[in-house]
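Okay, my_file26.cif is below, mmCIF, C-alpha atoms:
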```
data_coords
loop_
_atom_site.label_atom_id
_atom_site.label_comp_id
_atom_site.auth_asym_id
_atom_site.auth_seq_id
_atom_site.Cartn_x
_atom_site.Cartn_y
_atom_site.Cartn_z
CA MET A 1 0.00 0.00 0.00
CA PHE A 2 2.81 2.45 0.87
CA ARG A 3 5.84 2.94 -1.35
CA LYS A 4 9.28 1.74 -0.38
CA MET A 5 11.88 4.44 -0.08
CA ARG A 6 13.61 4.93 -3.43
CA ARG A 7 16.90 6.05 -1.87
CA PHE A 8 16.97 3.22 0.65
CA LYS A 9 20.64 3.79 1.58
CA GLN A 10 19.55 7.06 3.21
CA GLU A 11 16.79 5.45 5.26
CA ILE A 12 17.04 5.92 9.02
CA SER A 13 15.93 3.39 11.61
CA ASN A 14 12.47 3.28 13.14
CA GLU A 15 14.10 4.22 16.47
CA GLU A 16 15.55 7.40 14.91
CA CYS A 17 12.13 8.23 13.45
CA ILE A 18 10.56 7.88 16.91
CA GLU A 19 13.34 10.03 18.40
CA LEU A 20 12.61 12.83 15.91
CA LEU A 21 8.85 12.63 16.48
CA THR A 22 9.42 12.74 20.23
CA ASN A 23 12.01 15.50 20.40
CA GLU A 24 11.17 17.88 17.56
CA LYS A 25 8.45 20.36 18.41
CA ARG A 26 6.95 21.13 15.02
CA GLY A 27 6.15 19.67 11.66
CA VAL A 28 3.88 20.14 8.67
CA LEU A 29 0.50 18.44 8.48
CA SER A 30 -0.71 17.84 4.93
CA VAL A 31 -4.32 17.21 4.00
CA ILE A 32 -6.38 17.17 0.83
CA GLY A 33 -7.75 20.70 0.79
CA ASP A 34 -10.27 22.67 -1.23
CA ASP A 35 -10.83 21.50 -4.82
CA GLY A 36 -8.35 18.64 -4.30
CA TYR A 37 -5.36 20.91 -3.73
CA PRO A 38 -2.86 19.79 -1.09
CA TYR A 39 -2.85 21.93 2.03
CA GLY A 40 0.10 21.89 4.41
CA ILE A 41 0.11 23.68 7.74
CA PRO A 42 2.92 23.92 10.32
CA LEU A 43 1.82 22.61 13.72
CA ASN A 44 3.13 21.73 17.16
CA HIS A 45 2.66 18.08 18.00
CA PHE A 46 2.95 15.45 20.70
CA TYR A 47 3.96 11.88 19.86
CA ASP A 48 2.42 9.18 22.07
CA LYS A 49 4.75 6.19 21.91
CA GLU A 50 2.33 3.81 23.67
CA LYS A 51 -0.52 4.49 21.26
CA ASN A 52 1.73 5.13 18.23
CA CYS A 53 -0.09 8.31 17.32
CA ILE A 54 0.47 12.04 16.95
CA TYR A 55 -1.70 14.67 18.60
CA PHE A 56 -2.33 18.28 17.56
CA HIS A 57 -4.58 20.99 18.90
CA GLY A 58 -6.06 24.12 17.40
CA ALA A 59 -9.24 25.97 16.58
CA LYS A 60 -12.51 24.08 16.15
CA GLU A 61 -12.99 25.38 12.62
CA GLY A 62 -10.91 26.24 9.60
CA HIS A 63 -9.37 24.83 6.45
CA LYS A 64 -7.64 21.80 8.04
CA ILE A 65 -10.75 20.84 10.01
CA ASP A 66 -12.94 21.03 6.90
CA ALA A 67 -10.39 19.00 4.93
CA ILE A 68 -10.15 16.25 7.58
CA LYS A 69 -13.95 16.01 7.70
CA LEU A 70 -13.96 15.29 3.96
CA ASN A 71 -10.92 12.99 3.89
CA ASN A 72 -9.20 11.90 7.08
CA LYS A 73 -6.06 10.53 5.35
CA VAL A 74 -3.13 12.80 6.22
CA SER A 75 0.63 12.95 6.23
CA TYR A 76 2.90 14.73 8.68
CA CYS A 77 6.53 15.67 8.10
CA VAL A 78 9.04 16.47 10.85
CA PHE A 79 12.66 17.45 10.28
CA GLU A 80 15.56 18.62 12.39
CA LYS A 81 17.81 21.67 11.93
CA GLY A 82 20.64 19.48 10.69
CA LYS A 83 24.33 19.16 11.44
CA LYS A 84 27.47 19.82 9.46
CA LYS A 85 30.06 17.10 9.07
CA MET A 86 33.55 18.21 10.00
CA GLY A 87 35.14 19.94 6.99
CA HIS A 88 31.93 20.05 4.91
CA TRP A 89 29.75 23.05 4.10
CA SER A 90 26.54 21.09 3.61
CA LEU A 91 24.08 19.96 6.25
CA ASN A 92 22.97 16.45 7.09
CA VAL A 93 19.27 16.58 7.96
CA ARG A 94 17.07 13.77 9.25
CA SER A 95 13.39 13.84 8.40
CA VAL A 96 10.36 11.67 9.11
CA ILE A 97 7.08 11.34 7.25
CA ILE A 98 4.11 9.57 8.75
CA PHE A 99 0.90 8.56 7.01
CA GLY A 100 -2.25 7.95 8.96
CA LYS A 101 -5.88 8.69 9.60
CA ALA A 102 -7.00 11.68 11.63
CA THR A 103 -9.86 11.69 14.10
CA PHE A 104 -11.23 14.43 16.32
CA VAL A 105 -10.90 13.99 20.07
CA THR A 106 -14.16 15.01 21.73
CA ASP A 107 -13.58 14.02 25.36
CA LEU A 108 -12.70 17.17 27.34
CA ASP A 109 -10.44 15.35 29.83
CA GLU A 110 -8.51 13.74 26.99
CA CYS A 111 -8.20 17.14 25.25
CA LYS A 112 -6.84 18.63 28.47
CA LYS A 113 -4.19 15.90 28.66
CA ILE A 114 -3.24 16.36 24.98
CA ALA A 115 -3.03 20.15 25.28
CA SER A 116 -0.92 19.73 28.42
CA ASP A 117 1.43 17.23 26.75
CA ILE A 118 1.97 19.63 23.85
CA TRP A 119 2.41 22.58 26.22
CA TRP A 120 5.14 20.82 28.24
CA LYS A 121 7.31 20.65 25.10
CA PHE A 122 7.54 24.46 25.33
CA GLY A 123 6.81 25.53 28.88
CA THR A 124 8.09 24.76 32.36
CA ASP A 125 5.65 26.51 34.68
CA LYS A 126 2.62 24.55 35.91
CA ASN A 127 0.77 27.75 36.88
CA GLU A 128 1.12 29.10 33.34
CA LEU A 129 -0.24 25.83 31.99
CA GLU A 130 -3.26 25.99 34.29
CA GLU A 131 -3.96 29.60 33.22
CA GLU A 132 -3.75 28.63 29.54
CA LEU A 133 -6.10 25.71 30.05
CA LYS A 134 -8.64 27.89 31.91
CA LYS A 135 -8.49 30.51 29.17
CA SER A 136 -8.45 28.30 26.06
CA LEU A 137 -9.44 24.67 26.65
CA LEU A 138 -13.11 25.05 25.73
CA ARG A 139 -12.14 26.64 22.41
CA VAL A 140 -9.66 23.89 21.46
CA LEU A 141 -10.17 20.91 19.19
CA CYS A 142 -7.66 18.09 19.46
CA ILE A 143 -6.78 15.83 16.57
CA ARG A 144 -5.33 12.35 16.80
CA VAL A 145 -3.47 10.77 13.89
CA ASP A 146 -3.05 7.03 14.16
CA ILE A 147 0.17 6.14 12.36
CA GLU A 148 -0.23 3.57 9.59
CA HIS A 149 3.19 4.03 7.98
CA ILE A 150 6.38 5.79 9.01
CA THR A 151 9.57 6.39 7.13
CA GLY A 152 12.60 8.56 7.67
CA LYS A 153 15.77 9.49 5.90
CA LEU A 154 19.07 11.27 6.23
CA ILE A 155 19.57 13.91 3.57
CA ASN A 156 22.93 15.40 2.69
CA GLU A 157 22.28 18.80 1.12
CA SER A 158 25.39 18.81 -1.05
#
```
Can I see the file as structure tokens?
Amino acid sequence: MFRKMRRFKQEISNEECIELLTNEKRGVLSVIGDDGYPYGIPLNHFYDKEKNCIYFHGAKEGHKIDAIKLNNKVSYCVFEKGKKKMGHWSLNVRSVIIFGKATFVTDLDECKKIASDIWWKFGTDKNELEEELKKSLLRVLCIRVDIEHITGKLINES
């Protein structure tokens, strides 16, 4: 169903893919948008290793929400800043692409946990988190993407 990586010598391990999903804070969610055009949007995410899924949160309406309602198949791409090899000008960059199906999380307690998990990737103050949740939680929609396929690669930009 999913293609094998053409440049298989650049493929990174599943463990490295999980590391990137866990440690990187942002990626690009791609959906089938209006009139069949692809629509990609940068988002913050949380990877749940136990459930093998990615979570996002955002507004309850908009282009991505409408697109997911029409077709819940999505992809999500995460990549790191990259590193230079000693003596080389070019960067080595690892990236991961997941394919999966998106669903909306409707349980308020689960949304609170998801929003908190995402928040902890950026913040360190529990009081700030509680204030954010009081102010915004009822306006937030959480999205879960169950991962059906994952692949990653190391790119040398030279």
Problem set entry | Which of A:Asp35, A:Glu11, A:Asp48, A:Asp146 sits closest to A:Ile118 [using only C-alpha atoms] | A:Asp48
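Residues lying within 9 Å of A:Val78, counting all atoms listed in the file and ignoring same-chain neighbours fewer than 6 positions away, are Leu20, Leu21, Glu24, Lys25, Arg26, Gly27, Val28, Arg94, Ser95, Val96, Ile97 and Ile98 of chain A.
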For this session: Check which residues satisfy the PyMOL selection byres ((chain A and resi 138) around 10) in the file shown, then give them as a ChimeraX atom specification.
Result: /A:59-60,108,111-112,133-137,139-141
Exercise. What does the distance between atom CA of A:Ser30 and atom CA of A:Leu91 come to in Å, to one decimal place?
Worked result: 24.9 Å
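The shortest atom-to-atom distance to A:Arg3, with all atoms listed in the file taken into account, belongs to A:Thr151 out of A:Asn92, A:Thr151, A:Asn127, A:Asn72.
Taking only C-alpha atoms into account, A:Asn23 lies nearest to A:Lys49 out of the set A:Ser116, A:Lys49, A:Ile41, A:Thr103.
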For this session: Please provide as a list in words all residues within 12 Å of A:Gly40, with the sequence filter that same-chain residues fewer than 3 positions apart are discarded (counting all atoms listed in the file).
Result: Gly27, Val28, Leu29, Ser30, Val31, Ile32, Gly33, Asp34, Tyr37, Leu43, His63, Lys64, Ala67, Val74, Ser75, Tyr76 and Cys77 of chain A
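Take the candidates A:Cys17, A:Pro42, A:Phe2, A:Leu129 and check each one against A:Asp117 using all atoms listed in the file; the shortest distance goes to A:Leu129.
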For this session: Kindly indicate which residue among A:Ala102, A:Val93, A:Leu70, A:Ile18 lies nearest to A:Tyr47, using only C-alpha atoms for the distances.
Result: A:Ile18
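Compared by their closest atoms to A:His57, and using all atoms listed in the file, the residues A:Asn71, A:Ser13, A:Thr22, A:Thr106 rank with A:Thr106 nearest.
The space separating atom CA of A:His149 from atom CA of A:Phe104 comes to 19.6 Å.
What the PyMOL selection byres ((chain A and resi 55) around 6) matches in the given file is His45, Phe46, Ile54, Phe56, Ile143 and Arg144 of chain A.
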For this session: Could you check how far atom CA of A:Glu148 sits from atom CA of A:Asn52, in Å to one decimal?
Result: 9.0 Å
Where atoms are missing, can you supply N, CA and C atoms for stretch 50-85 of chain A and output the lot as a compact mmCIF listing (two decimals), in the frame of the given file?
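Saved file rebuild.txt follows:
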```txt
# COMPACT_ATOMS: atom_id res chain seq x y z
N GLU A 50 3.17 4.96 23.31
CA GLU A 50 2.33 3.81 23.67
C GLU A 50 1.23 3.55 22.66
N LYS A 51 0.60 4.62 22.19
CA LYS A 51 -0.52 4.49 21.26
C LYS A 51 -0.09 4.61 19.80
N ASN A 52 1.19 4.94 19.57
CA ASN A 52 1.73 5.13 18.23
C ASN A 52 0.86 6.10 17.42
N CYS A 53 0.70 7.29 17.99
CA CYS A 53 -0.09 8.31 17.32
C CYS A 53 0.49 9.69 17.61
N ILE A 54 0.08 10.64 16.80
CA ILE A 54 0.47 12.04 16.95
C ILE A 54 -0.78 12.83 17.32
N TYR A 55 -0.60 13.79 18.22
CA TYR A 55 -1.70 14.67 18.60
C TYR A 55 -1.37 16.12 18.22
N PHE A 56 -2.40 16.84 17.83
CA PHE A 56 -2.33 18.28 17.56
C PHE A 56 -3.49 18.94 18.29
N HIS A 57 -3.43 20.25 18.41
CA HIS A 57 -4.58 20.99 18.90
C HIS A 57 -4.65 22.31 18.16
N GLY A 58 -5.86 22.85 18.10
CA GLY A 58 -6.06 24.12 17.40
C GLY A 58 -7.51 24.53 17.48
N ALA A 59 -7.86 25.45 16.61
CA ALA A 59 -9.24 25.97 16.58
C ALA A 59 -10.21 24.88 16.13
N LYS A 60 -11.47 25.06 16.48
CA LYS A 60 -12.51 24.08 16.15
C LYS A 60 -13.03 24.22 14.72
N GLU A 61 -12.55 25.21 14.01
CA GLU A 61 -12.99 25.38 12.62
C GLU A 61 -11.83 25.91 11.80
N GLY A 62 -11.95 25.76 10.49
CA GLY A 62 -10.91 26.24 9.60
C GLY A 62 -10.63 25.25 8.48
N HIS A 63 -9.67 25.60 7.65
CA HIS A 63 -9.37 24.83 6.45
C HIS A 63 -8.99 23.38 6.79
N LYS A 64 -8.07 23.18 7.74
CA LYS A 64 -7.64 21.80 8.04
C LYS A 64 -8.77 20.97 8.61
N ILE A 65 -9.63 21.58 9.42
CA ILE A 65 -10.75 20.84 10.01
C ILE A 65 -11.73 20.42 8.91
N ASP A 66 -12.05 21.35 8.01
CA ASP A 66 -12.94 21.03 6.90
C ASP A 66 -12.35 19.92 6.03
N ALA A 67 -11.06 20.00 5.77
CA ALA A 67 -10.39 19.00 4.93
C ALA A 67 -10.43 17.61 5.58
N ILE A 68 -10.15 17.54 6.88
CA ILE A 68 -10.15 16.25 7.58
C ILE A 68 -11.56 15.67 7.61
N LYS A 69 -12.57 16.51 7.73
CA LYS A 69 -13.95 16.01 7.70
C LYS A 69 -14.28 15.33 6.37
N LEU A 70 -13.70 15.86 5.29
CA LEU A 70 -13.96 15.29 3.96
C LEU A 70 -13.09 14.08 3.65
N ASN A 71 -11.85 14.09 4.15
CA ASN A 71 -10.92 12.99 3.89
C ASN A 71 -9.93 12.95 5.04
N ASN A 72 -10.01 11.93 5.87
CA ASN A 72 -9.20 11.90 7.08
C ASN A 72 -7.80 11.33 6.86
N LYS A 73 -7.42 11.00 5.63
CA LYS A 73 -6.06 10.53 5.35
C LYS A 73 -5.13 11.74 5.30
N VAL A 74 -4.05 11.67 6.10
CA VAL A 74 -3.13 12.80 6.22
C VAL A 74 -1.69 12.30 6.19
N SER A 75 -0.78 13.22 6.00
CA SER A 75 0.63 12.95 6.23
C SER A 75 1.19 14.07 7.10
N TYR A 76 2.28 13.75 7.78
CA TYR A 76 2.90 14.73 8.68
C TYR A 76 4.40 14.57 8.54
N CYS A 77 5.08 15.67 8.31
CA CYS A 77 6.53 15.67 8.10
C CYS A 77 7.21 16.46 9.22
N VAL A 78 8.23 15.85 9.80
CA VAL A 78 9.04 16.47 10.85
C VAL A 78 10.49 16.40 10.40
N PHE A 79 11.24 17.48 10.62
CA PHE A 79 12.66 17.45 10.28
C PHE A 79 13.44 18.28 11.28
N GLU A 80 14.70 17.91 11.44
CA GLU A 80 15.56 18.62 12.39
C GLU A 80 16.32 19.74 11.68
N LYS A 81 17.01 20.56 12.48
CA LYS A 81 17.81 21.67 11.93
C LYS A 81 18.96 21.16 11.08
N GLY A 82 19.52 20.04 11.42
CA GLY A 82 20.64 19.48 10.69
C GLY A 82 21.97 19.77 11.35
N LYS A 83 22.98 19.02 10.90
CA LYS A 83 24.33 19.16 11.44
C LYS A 83 25.32 19.11 10.29
N LYS A 84 26.40 19.86 10.45
CA LYS A 84 27.47 19.82 9.46
C LYS A 84 28.48 18.75 9.85
N LYS A 85 28.94 18.00 8.84
CA LYS A 85 30.06 17.10 9.07
C LYS A 85 31.33 17.93 9.09
```
